[in-house]
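With mmCIF, C-alpha atoms, pLDDT in the B column; chains and numbers go by the auth columns inside, this is data-v4.cif:
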data_upload
#
loop_
_atom_site.group_PDB
_atom_site.id
_atom_site.type_symbol
_atom_site.label_atom_id
_atom_site.label_comp_id
_atom_site.label_asym_id
_atom_site.label_seq_id
_atom_site.Cartn_x
_atom_site.Cartn_y
_atom_site.Cartn_z
_atom_site.B_iso_or_equiv
_atom_site.auth_seq_id
_atom_site.auth_asym_id
ATOM 1 C CA MET A 1 -55.103 17.642 -35.579 58.00 1 A
ATOM 2 C CA LYS A 2 -52.454 15.151 -36.603 58.00 2 A
ATOM 3 C CA GLU A 3 -51.463 17.241 -39.594 63.00 3 A
ATOM 4 C CA TYR A 4 -51.315 20.381 -37.448 51.00 4 A
ATOM 5 C CA LEU A 5 -48.906 18.756 -34.945 50.00 5 A
ATOM 6 C CA TYR A 6 -46.740 17.489 -37.780 54.00 6 A
ATOM 7 C CA THR A 7 -46.614 20.977 -39.269 56.00 7 A
ATOM 8 C CA MET A 8 -45.633 22.471 -35.909 48.00 8 A
ATOM 9 C CA LEU A 9 -42.805 19.953 -35.527 47.00 9 A
ATOM 10 C CA GLU A 10 -41.364 20.880 -38.914 50.00 10 A
ATOM 11 C CA ALA A 11 -41.844 24.620 -38.466 48.00 11 A
ATOM 12 C CA GLY A 12 -38.749 25.015 -36.264 50.00 12 A
ATOM 13 C CA GLY A 13 -36.221 24.477 -39.073 54.00 13 A
ATOM 14 C CA THR A 14 -35.599 23.825 -42.729 63.00 14 A
ATOM 15 C CA LEU A 15 -34.636 20.169 -42.308 67.00 15 A
ATOM 16 C CA SER A 16 -37.150 17.437 -42.890 76.00 16 A
ATOM 17 C CA THR A 17 -38.024 14.886 -40.235 79.00 17 A
ATOM 18 C CA GLN A 18 -36.096 12.273 -42.199 83.00 18 A
ATOM 19 C CA ASP A 19 -32.927 14.404 -42.203 81.00 19 A
ATOM 20 C CA ILE A 20 -33.193 15.083 -38.487 82.00 20 A
ATOM 21 C CA VAL A 21 -33.613 11.406 -37.653 86.00 21 A
ATOM 22 C CA LEU A 22 -30.740 10.515 -39.990 88.00 22 A
ATOM 23 C CA HIS A 23 -28.369 13.041 -38.360 87.00 23 A
ATOM 24 C CA ILE A 24 -29.095 11.892 -34.829 88.00 24 A
ATOM 25 C CA LEU A 25 -29.102 8.207 -35.756 90.00 25 A
ATOM 26 C CA ALA A 26 -25.730 8.583 -37.488 90.00 26 A
ATOM 27 C CA SER A 27 -24.345 10.227 -34.340 91.00 27 A
ATOM 28 C CA ALA A 28 -25.550 7.277 -32.282 91.00 28 A
ATOM 29 C CA ILE A 29 -23.998 4.751 -34.688 91.00 29 A
ATOM 30 C CA PHE A 30 -20.608 6.474 -34.763 91.00 30 A
ATOM 31 C CA SER A 31 -20.678 6.828 -30.977 91.00 31 A
ATOM 32 C CA ILE A 32 -20.669 3.025 -30.741 91.00 32 A
ATOM 33 C CA ALA A 33 -17.223 2.992 -32.362 90.00 33 A
ATOM 34 C CA ILE A 34 -16.043 5.518 -29.765 90.00 34 A
ATOM 35 C CA TYR A 35 -17.541 3.395 -26.995 91.00 35 A
ATOM 36 C CA LEU A 36 -15.806 0.225 -28.213 89.00 36 A
ATOM 37 C CA SER A 37 -12.482 1.998 -28.687 87.00 37 A
ATOM 38 C CA TYR A 38 -12.522 3.458 -25.176 87.00 38 A
ATOM 39 C CA TRP A 39 -13.627 0.159 -23.653 86.00 39 A
ATOM 40 C CA TYR A 40 -10.858 -1.816 -25.344 82.00 40 A
ATOM 41 C CA THR A 41 -7.955 0.600 -24.882 79.00 41 A
ATOM 42 C CA HIS A 42 -8.918 1.409 -21.267 74.00 42 A
ATOM 43 C CA SER A 43 -9.457 -2.086 -19.964 57.00 43 A
ATOM 44 C CA GLY A 44 -7.092 -1.403 -17.063 54.00 44 A
ATOM 45 C CA THR A 45 -7.612 0.457 -13.786 54.00 45 A
ATOM 46 C CA ALA A 46 -8.252 3.779 -15.540 62.00 46 A
ATOM 47 C CA TYR A 47 -11.410 2.507 -17.265 70.00 47 A
ATOM 48 C CA SER A 48 -14.631 4.274 -16.280 78.00 48 A
ATOM 49 C CA LYS A 49 -17.892 2.856 -17.599 83.00 49 A
ATOM 50 C CA LYS A 50 -19.804 6.013 -16.683 85.00 50 A
ATOM 51 C CA PHE A 51 -17.357 8.161 -18.628 84.00 51 A
ATOM 52 C CA ASN A 52 -17.659 5.824 -21.611 86.00 52 A
ATOM 53 C CA VAL A 53 -21.449 6.118 -21.605 89.00 53 A
ATOM 54 C CA SER A 54 -21.047 9.899 -21.335 89.00 54 A
ATOM 55 C CA LEU A 55 -19.012 9.849 -24.554 89.00 55 A
ATOM 56 C CA VAL A 56 -21.910 8.191 -26.358 91.00 56 A
ATOM 57 C CA THR A 57 -24.442 10.701 -25.096 91.00 57 A
ATOM 58 C CA LEU A 58 -22.049 13.591 -25.780 88.00 58 A
ATOM 59 C CA THR A 59 -21.782 12.546 -29.424 90.00 59 A
ATOM 60 C CA ILE A 60 -25.557 12.308 -29.804 90.00 60 A
ATOM 61 C CA LEU A 61 -26.183 15.614 -28.014 86.00 61 A
ATOM 62 C CA THR A 62 -23.575 17.416 -30.122 85.00 62 A
ATOM 63 C CA GLY A 63 -25.179 16.030 -33.268 86.00 63 A
ATOM 64 C CA THR A 64 -28.563 17.186 -32.016 85.00 64 A
ATOM 65 C CA VAL A 65 -27.303 20.706 -31.274 81.00 65 A
ATOM 66 C CA MET A 66 -25.674 20.998 -34.700 82.00 66 A
ATOM 67 C CA THR A 67 -28.888 19.815 -36.325 81.00 67 A
ATOM 68 C CA VAL A 68 -30.772 22.589 -34.531 76.00 68 A
ATOM 69 C CA ILE A 69 -28.223 25.259 -35.449 77.00 69 A
ATOM 70 C CA GLY A 70 -27.884 24.295 -39.109 67.00 70 A
ATOM 71 C CA ASN A 71 -26.952 27.348 -41.170 59.00 71 A
ATOM 72 C CA ASN A 72 -28.658 29.810 -38.840 64.00 72 A
ATOM 73 C CA ILE A 73 -25.910 32.220 -37.773 62.00 73 A
ATOM 74 C CA ALA A 74 -28.077 34.060 -35.244 61.00 74 A
ATOM 75 C CA LEU A 75 -29.096 30.800 -33.607 61.00 75 A
ATOM 76 C CA SER A 76 -25.507 29.569 -33.509 64.00 76 A
ATOM 77 C CA LEU A 77 -24.340 32.733 -31.745 62.00 77 A
ATOM 78 C CA GLY A 78 -27.157 32.421 -29.235 61.00 78 A
ATOM 79 C CA MET A 79 -26.272 28.769 -28.625 63.00 79 A
ATOM 80 C CA VAL A 80 -22.621 29.668 -28.005 62.00 80 A
ATOM 81 C CA GLY A 81 -23.689 32.318 -25.509 60.00 81 A
ATOM 82 C CA ALA A 82 -25.974 29.886 -23.711 57.00 82 A
ATOM 83 C CA LEU A 83 -23.343 27.147 -23.508 60.00 83 A
ATOM 84 C CA SER A 84 -20.611 29.541 -22.367 61.00 84 A
ATOM 85 C CA ILE A 85 -22.131 29.647 -18.876 55.00 85 A
ATOM 86 C CA VAL A 86 -21.430 25.927 -18.391 58.00 86 A
ATOM 87 C CA ARG A 87 -18.422 25.148 -16.225 61.00 87 A
ATOM 88 C CA PHE A 88 -16.946 21.650 -16.056 59.00 88 A
ATOM 89 C CA ARG A 89 -15.175 20.724 -12.824 62.00 89 A
ATOM 90 C CA THR A 90 -14.534 17.017 -13.451 62.00 90 A
ATOM 91 C CA ALA A 91 -10.814 16.252 -13.378 65.00 91 A
ATOM 92 C CA ILE A 92 -9.395 14.332 -16.331 67.00 92 A
ATOM 93 C CA LYS A 93 -7.496 11.417 -14.799 66.00 93 A
ATOM 94 C CA ASP A 94 -5.986 10.210 -18.062 68.00 94 A
ATOM 95 C CA SER A 95 -4.704 12.544 -20.767 71.00 95 A
ATOM 96 C CA ARG A 96 -6.189 10.247 -23.412 78.00 96 A
ATOM 97 C CA ASP A 97 -9.685 11.007 -22.109 81.00 97 A
ATOM 98 C CA THR A 98 -9.358 14.470 -23.623 83.00 98 A
ATOM 99 C CA THR A 99 -8.860 12.835 -27.026 85.00 99 A
ATOM 100 C CA TYR A 100 -12.088 10.880 -26.660 88.00 100 A
ATOM 101 C CA ILE A 101 -14.016 13.986 -25.607 87.00 101 A
ATOM 102 C CA PHE A 102 -12.858 15.905 -28.695 88.00 102 A
ATOM 103 C CA TRP A 103 -13.509 12.844 -30.850 89.00 103 A
ATOM 104 C CA SER A 104 -17.110 12.677 -29.607 90.00 104 A
ATOM 105 C CA ILE A 105 -17.696 16.390 -30.175 86.00 105 A
ATOM 106 C CA ILE A 106 -16.187 16.396 -33.684 88.00 106 A
ATOM 107 C CA ILE A 107 -18.171 13.330 -34.781 90.00 107 A
ATOM 108 C CA GLY A 108 -21.327 14.934 -33.406 87.00 108 A
ATOM 109 C CA ILE A 109 -20.610 18.116 -35.380 85.00 109 A
ATOM 110 C CA CYS A 110 -19.976 16.168 -38.591 87.00 110 A
ATOM 111 C CA CYS A 111 -23.178 14.170 -38.223 87.00 111 A
ATOM 112 C CA GLY A 112 -25.141 17.262 -37.225 83.00 112 A
ATOM 113 C CA VAL A 113 -24.267 18.996 -40.499 81.00 113 A
ATOM 114 C CA GLY A 114 -24.793 15.818 -42.523 84.00 114 A
ATOM 115 C CA ASP A 115 -21.147 15.246 -43.491 85.00 115 A
ATOM 116 C CA TYR A 116 -21.136 11.490 -42.896 87.00 116 A
ATOM 117 C CA MET A 117 -18.124 10.823 -45.128 90.00 117 A
ATOM 118 C CA VAL A 118 -15.833 12.958 -42.968 88.00 118 A
ATOM 119 C CA ALA A 119 -17.288 11.412 -39.811 88.00 119 A
ATOM 120 C CA GLY A 120 -16.820 7.888 -41.190 89.00 120 A
ATOM 121 C CA VAL A 121 -13.263 8.321 -42.447 90.00 121 A
ATOM 122 C CA GLY A 122 -12.215 10.197 -39.323 89.00 122 A
ATOM 123 C CA THR A 123 -13.734 7.549 -37.066 89.00 123 A
ATOM 124 C CA ILE A 124 -12.019 4.706 -38.911 89.00 124 A
ATOM 125 C CA VAL A 125 -8.601 6.383 -38.839 90.00 125 A
ATOM 126 C CA VAL A 126 -8.799 7.417 -35.178 88.00 126 A
ATOM 127 C CA PHE A 127 -10.218 4.022 -34.184 87.00 127 A
ATOM 128 C CA PHE A 128 -7.286 2.105 -35.683 87.00 128 A
ATOM 129 C CA VAL A 129 -4.714 4.587 -34.368 86.00 129 A
ATOM 130 C CA LEU A 130 -6.071 4.147 -30.846 83.00 130 A
ATOM 131 C CA LEU A 131 -6.365 0.412 -31.401 81.00 131 A
ATOM 132 C CA LEU A 132 -2.659 0.215 -32.179 80.00 132 A
ATOM 133 C CA LEU A 133 -1.367 2.855 -29.761 76.00 133 A
ATOM 134 C CA GLY A 134 -4.148 3.221 -27.202 63.00 134 A
ATOM 135 C CA ARG A 135 -2.614 0.705 -24.799 60.00 135 A
ATOM 136 C CA VAL A 136 0.740 2.476 -24.752 59.00 136 A
ATOM 137 C CA ARG A 137 1.474 3.605 -21.227 59.00 137 A
ATOM 138 C CA ASN A 138 4.257 5.654 -19.784 57.00 138 A
ATOM 139 C CA GLU A 139 6.630 3.617 -17.677 60.00 139 A
ATOM 140 C CA ASN A 140 5.848 4.446 -14.073 70.00 140 A
ATOM 141 C CA ARG A 141 8.738 5.922 -12.135 81.00 141 A
ATOM 142 C CA ILE A 142 9.703 4.823 -8.646 85.00 142 A
ATOM 143 C CA LEU A 143 10.524 7.312 -5.903 88.00 143 A
ATOM 144 C CA LEU A 144 12.687 6.067 -3.030 90.00 144 A
ATOM 145 C CA ILE A 145 12.233 8.422 -0.071 92.00 145 A
ATOM 146 C CA ILE A 146 14.591 8.059 2.888 92.00 146 A
ATOM 147 C CA ARG A 147 14.594 10.121 6.079 93.00 147 A
ATOM 148 C CA ALA A 148 17.343 9.536 8.620 93.00 148 A
ATOM 149 C CA ASN A 149 19.879 11.074 10.940 92.00 149 A
ATOM 150 C CA ARG A 150 22.062 13.514 9.050 91.00 150 A
ATOM 151 C CA SER A 151 25.209 11.636 10.031 90.00 151 A
ATOM 152 C CA LYS A 152 24.023 8.679 7.915 90.00 152 A
ATOM 153 C CA THR A 153 23.918 10.657 4.628 91.00 153 A
ATOM 154 C CA LEU A 154 27.059 9.178 3.098 91.00 154 A
ATOM 155 C CA GLY A 155 26.103 5.674 4.196 90.00 155 A
ATOM 156 C CA ILE A 156 22.669 5.979 2.577 90.00 156 A
ATOM 157 C CA LYS A 157 24.130 7.258 -0.693 91.00 157 A
ATOM 158 C CA ARG A 158 26.644 4.415 -0.714 91.00 158 A
ATOM 159 C CA ILE A 159 23.925 1.779 -0.234 89.00 159 A
ATOM 160 C CA VAL A 160 21.680 3.254 -2.920 89.00 160 A
ATOM 161 C CA PHE A 161 24.597 3.329 -5.360 90.00 161 A
ATOM 162 C CA GLU A 162 25.459 -0.298 -4.569 87.00 162 A
ATOM 163 C CA TYR A 163 21.906 -1.377 -5.396 87.00 163 A
ATOM 164 C CA TYR A 164 21.112 0.798 -8.416 88.00 164 A
ATOM 165 C CA GLY A 165 24.366 2.405 -9.546 85.00 165 A
ATOM 166 C CA SER A 166 24.072 5.507 -11.709 85.00 166 A
ATOM 167 C CA LYS A 167 20.530 4.529 -12.795 84.00 167 A
ATOM 168 C CA SER A 168 19.093 6.132 -9.654 87.00 168 A
ATOM 169 C CA LEU A 169 18.835 9.923 -9.766 87.00 169 A
ATOM 170 C CA LEU A 170 18.982 11.979 -6.584 89.00 170 A
ATOM 171 C CA LYS A 171 16.146 14.465 -7.085 88.00 171 A
ATOM 172 C CA VAL A 172 15.847 16.056 -3.638 88.00 172 A
ATOM 173 C CA GLU A 173 18.101 16.373 -0.599 90.00 173 A
ATOM 174 C CA ASN A 174 16.428 18.172 2.299 91.00 174 A
ATOM 175 C CA THR A 175 18.479 18.736 5.424 91.00 175 A
ATOM 176 C CA THR A 176 18.045 20.104 8.922 90.00 176 A
ATOM 177 C CA PRO A 177 20.702 20.350 11.630 89.00 177 A
ATOM 178 C CA ASN A 178 19.784 16.815 12.738 91.00 178 A
ATOM 179 C CA THR A 179 18.013 15.042 9.866 92.00 179 A
ATOM 180 C CA VAL A 180 18.266 14.486 6.124 93.00 180 A
ATOM 181 C CA GLU A 181 15.639 13.457 3.574 94.00 181 A
ATOM 182 C CA LEU A 182 16.783 11.985 0.266 92.00 182 A
ATOM 183 C CA ILE A 183 14.465 11.340 -2.688 92.00 183 A
ATOM 184 C CA TYR A 184 15.756 9.120 -5.492 92.00 184 A
ATOM 185 C CA GLU A 185 13.991 8.601 -8.822 89.00 185 A
ATOM 186 C CA MET A 186 14.439 5.496 -10.969 86.00 186 A
ATOM 187 C CA SER A 187 12.570 3.362 -13.465 83.00 187 A
ATOM 188 C CA ARG A 188 10.482 0.426 -12.342 81.00 188 A
ATOM 189 C CA LYS A 189 12.807 -1.886 -14.231 81.00 189 A
ATOM 190 C CA THR A 190 15.803 -0.566 -12.310 81.00 190 A
ATOM 191 C CA TYR A 191 14.004 -0.933 -8.985 81.00 191 A
ATOM 192 C CA GLN A 192 12.871 -4.479 -9.717 80.00 192 A
ATOM 193 C CA ALA A 193 16.374 -5.508 -10.809 79.00 193 A
ATOM 194 C CA ALA A 194 17.468 -5.163 -7.172 76.00 194 A
ATOM 195 C CA TYR A 195 15.095 -8.023 -6.239 74.00 195 A
ATOM 196 C CA LYS A 196 17.835 -10.427 -7.315 74.00 196 A
ATOM 197 C CA LYS A 197 19.886 -9.450 -4.283 77.00 197 A
ATOM 198 C CA THR A 198 19.594 -11.606 -1.186 79.00 198 A
ATOM 199 C CA LYS A 199 18.544 -8.652 0.964 84.00 199 A
ATOM 200 C CA SER A 200 16.148 -5.830 0.118 85.00 200 A
ATOM 201 C CA ILE A 201 17.373 -2.267 0.113 86.00 201 A
ATOM 202 C CA VAL A 202 14.817 -1.409 2.821 87.00 202 A
ATOM 203 C CA ASP A 203 16.328 -3.940 5.230 87.00 203 A
ATOM 204 C CA THR A 204 19.862 -2.861 4.321 88.00 204 A
ATOM 205 C CA LEU A 205 19.051 0.783 5.001 88.00 205 A
ATOM 206 C CA HIS A 206 17.426 0.024 8.350 89.00 206 A
ATOM 207 C CA ASP A 207 20.455 -2.052 9.324 88.00 207 A
ATOM 208 C CA LEU A 208 22.476 1.146 8.895 88.00 208 A
ATOM 209 C CA GLY A 209 20.733 2.559 11.951 88.00 209 A
ATOM 210 C CA ASP A 210 19.134 5.909 12.748 87.00 210 A
ATOM 211 C CA ILE A 211 16.746 5.533 9.769 90.00 211 A
ATOM 212 C CA GLU A 212 13.385 7.190 10.469 90.00 212 A
ATOM 213 C CA TYR A 213 11.547 5.793 7.440 90.00 213 A
ATOM 214 C CA VAL A 214 12.018 4.389 3.932 90.00 214 A
ATOM 215 C CA ASN A 215 9.124 4.962 1.522 90.00 215 A
ATOM 216 C CA VAL A 216 8.744 3.525 -1.973 87.00 216 A
ATOM 217 C CA VAL A 217 6.254 5.523 -4.093 85.00 217 A
ATOM 218 C CA THR A 218 5.042 4.847 -7.630 80.00 218 A
ATOM 219 C CA GLN A 219 4.879 8.039 -9.684 67.00 219 A
ATOM 220 C CA SER A 220 2.256 7.568 -12.415 60.00 220 A
ATOM 221 C CA ASP A 221 1.197 9.825 -15.314 54.00 221 A
ATOM 222 C CA GLU A 222 -2.424 10.086 -14.154 52.00 222 A
ATOM 223 C CA ILE A 223 -3.823 13.408 -13.040 46.00 223 A
ATOM 224 C CA SER A 224 -5.599 13.208 -9.718 45.00 224 A
ATOM 225 C CA GLY A 225 -8.576 15.418 -8.874 43.00 225 A
#
Could you write out this structure as structure tokens?
Amino acid sequence: MKEYLYTMLEAGGTLSTQDIVLHILASAIFSIAIYLSYWYTHSGTAYSKKFNVSLVTLTILTGTVMTVIGNNIALSLGMVGALSIVRFRTAIKDSRDTTYIFWSIIIGICCGVGDYMVAGVGTIVVFFVLLLLGRVRNENRILLIIRANRSKTLGIKRIVFEYYGSKSLLKVENTTPNTVELIYEMSRKTYQAAYKKTKSIVDTLHDLGDIEYVNVVTQSDEISG
């Protein structure tokens, strides 16, 4: 009975049990490097532990699928057809997450076909590239949004220029017969430089009178769902 079960397990493909275990185990080992890289380079607010664990399982599952497919063209076409019905609706909040997803899939494919050298070299190179550059972040931009009586337009522009000079860019100017809305864009460094003044720009604008609101918004590079 034991021999019969063993024969049935090996009947599904040309690979031996040792090769199958080696492929999947290699996928799991390489996925640890992906896990550590994501954990270290995303130690800020964008870090998601669930997503990181998903990268590990994605690598192992991809390696498993490639082990099943092997060199069987008919099976590979059937697998593509079966997987084509899957639709992913999860929004990617950080563009670097896409890199990790492709990294996991590619390592899984390499391990699934037994090409450990390519998987190893690729993992080492990508790991050190992300180690050096993974913490690079785009400088967040600051949006200064002011809504006031239309008669105060010139006064508002004068105050903004006094605080930030030409480093503030007027992006939007919406007007109605009675009101005006101005949206300025500037770097965080430029906005924080105005802290040295004795009075904040918000207080100065409100002292002008007829100001409905002054909003300060941080414009990040993250994609919201």
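Distance check against Thr153 in chain A using all atoms listed in the file: of A:Ser168, A:Thr176, A:Asn140, A:Ser104, the minimum falls on A:Thr176.
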Query - Pick from A:Leu61, A:Val68, A:Ala148, A:Leu132 nearest to Ile105 in chain A, counting only C-alpha atoms - result: A:Leu61
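What the PyMOL selection byres ((chain A and resi 22-25) around 8) matches in the given file is A:Gln18, A:Asp19, A:Ile20, A:Val21, A:Ala26, A:Ser27, A:Ala28, A:Ile29, A:Ile60, A:Gly63, A:Thr64, A:Thr67, A:Cys111, A:Gly112, A:Val113, A:Gly114.
For the residues A:Tyr116, A:Tyr47, A:Phe127, A:Tyr163, ranking by smallest atom-to-atom distance to Lys199 in chain A using all atoms listed in the file places A:Tyr163 first.
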Query - Residues in the PyMOL selection byres ((chain A and resi 147) around 8), expressed as a ChimeraX atom specification - result: /A:145-146,148-149,179-182,211-214
Next, dump the selected residues to file, keeping only C-alpha atoms, as a PDB file, in the frame of the given file.
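File result16.pdb, as written:
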ATOM      1  CA  ILE A 145      12.233   8.422  -0.071  1.00 92.00           C
ATOM      2  CA  ILE A 146      14.591   8.059   2.888  1.00 92.00           C
ATOM      3  CA  ALA A 148      17.343   9.536   8.620  1.00 93.00           C
ATOM      4  CA  ASN A 149      19.879  11.074  10.940  1.00 92.00           C
ATOM      5  CA  THR A 179      18.013  15.042   9.866  1.00 92.00           C
ATOM      6  CA  VAL A 180      18.266  14.486   6.124  1.00 93.00           C
ATOM      7  CA  GLU A 181      15.639  13.457   3.574  1.00 94.00           C
ATOM      8  CA  LEU A 182      16.783  11.985   0.266  1.00 92.00           C
ATOM      9  CA  ILE A 211      16.746   5.533   9.769  1.00 90.00           C
ATOM     10  CA  GLU A 212      13.385   7.190  10.469  1.00 90.00           C
ATOM     11  CA  TYR A 213      11.547   5.793   7.440  1.00 90.00           C
ATOM     12  CA  VAL A 214      12.018   4.389   3.932  1.00 90.00           C
TER      13      VAL A 214
END
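Residue membership of the PyMOL selection byres ((chain A and resi 122) around 12) in the shown file amounts to Phe30, Ala33, Ile34, Trp103, Ser104, Ile106, Ile107, Gly108, Cys110, Cys111, Asp115, Tyr116, Met117, Val118, Ala119, Gly120, Val121, Thr123, Ile124, Val125, Val126, Phe127, Phe128 and Val129 of chain A.
With all atoms listed in the file taken into account, the protein and nucleic acid residues at most 8 Å from range 48-53 of chain A (excluding it and anything under 2 positions from it in its own chain) are Tyr35, Tyr38, Trp39, Ala46, Leu55, Val56 and Thr57 of chain A.
Compared by their closest atoms to Val216 in chain A, and using all atoms listed in the file, the residues A:Thr175, A:Lys152, A:Leu143, A:Thr62 rank with A:Leu143 nearest.
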Draw an axis-aligned box over all listed atoms of range 146-164 of chain A, pad each side with 8 Å, and write its centre and edge lengths in Å, one decimal, as JSON.
{"center_x": 20.8, "center_y": 6.1, "center_z": 1.3, "size_x": 28.5, "size_y": 30.9, "size_z": 35.4}
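A straight line drawn from CA of Ala193 in chain A to CA of Gly209 in chain A is 24.5 Å long.
When only C-alpha atoms are used to measure the gap to Leu205 in chain A, the shortest distance among A:Val160, A:Gly165, A:Thr218, A:Thr41 belongs to A:Val160.
If you look at CA of Thr204 in chain A and CA of Ile159 in chain A, they are 7.7 Å away from each other.
CA of Ile32 in chain A sits 17.8 Å away from CA of Arg96 in chain A.
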Query raised in the report: Taking into account all atoms listed in the file, which residue in the set A:Glu173, A:Tyr164, A:Asn178, A:Ile69 is nearest to Tyr195 in chain A?
Result: A:Tyr164
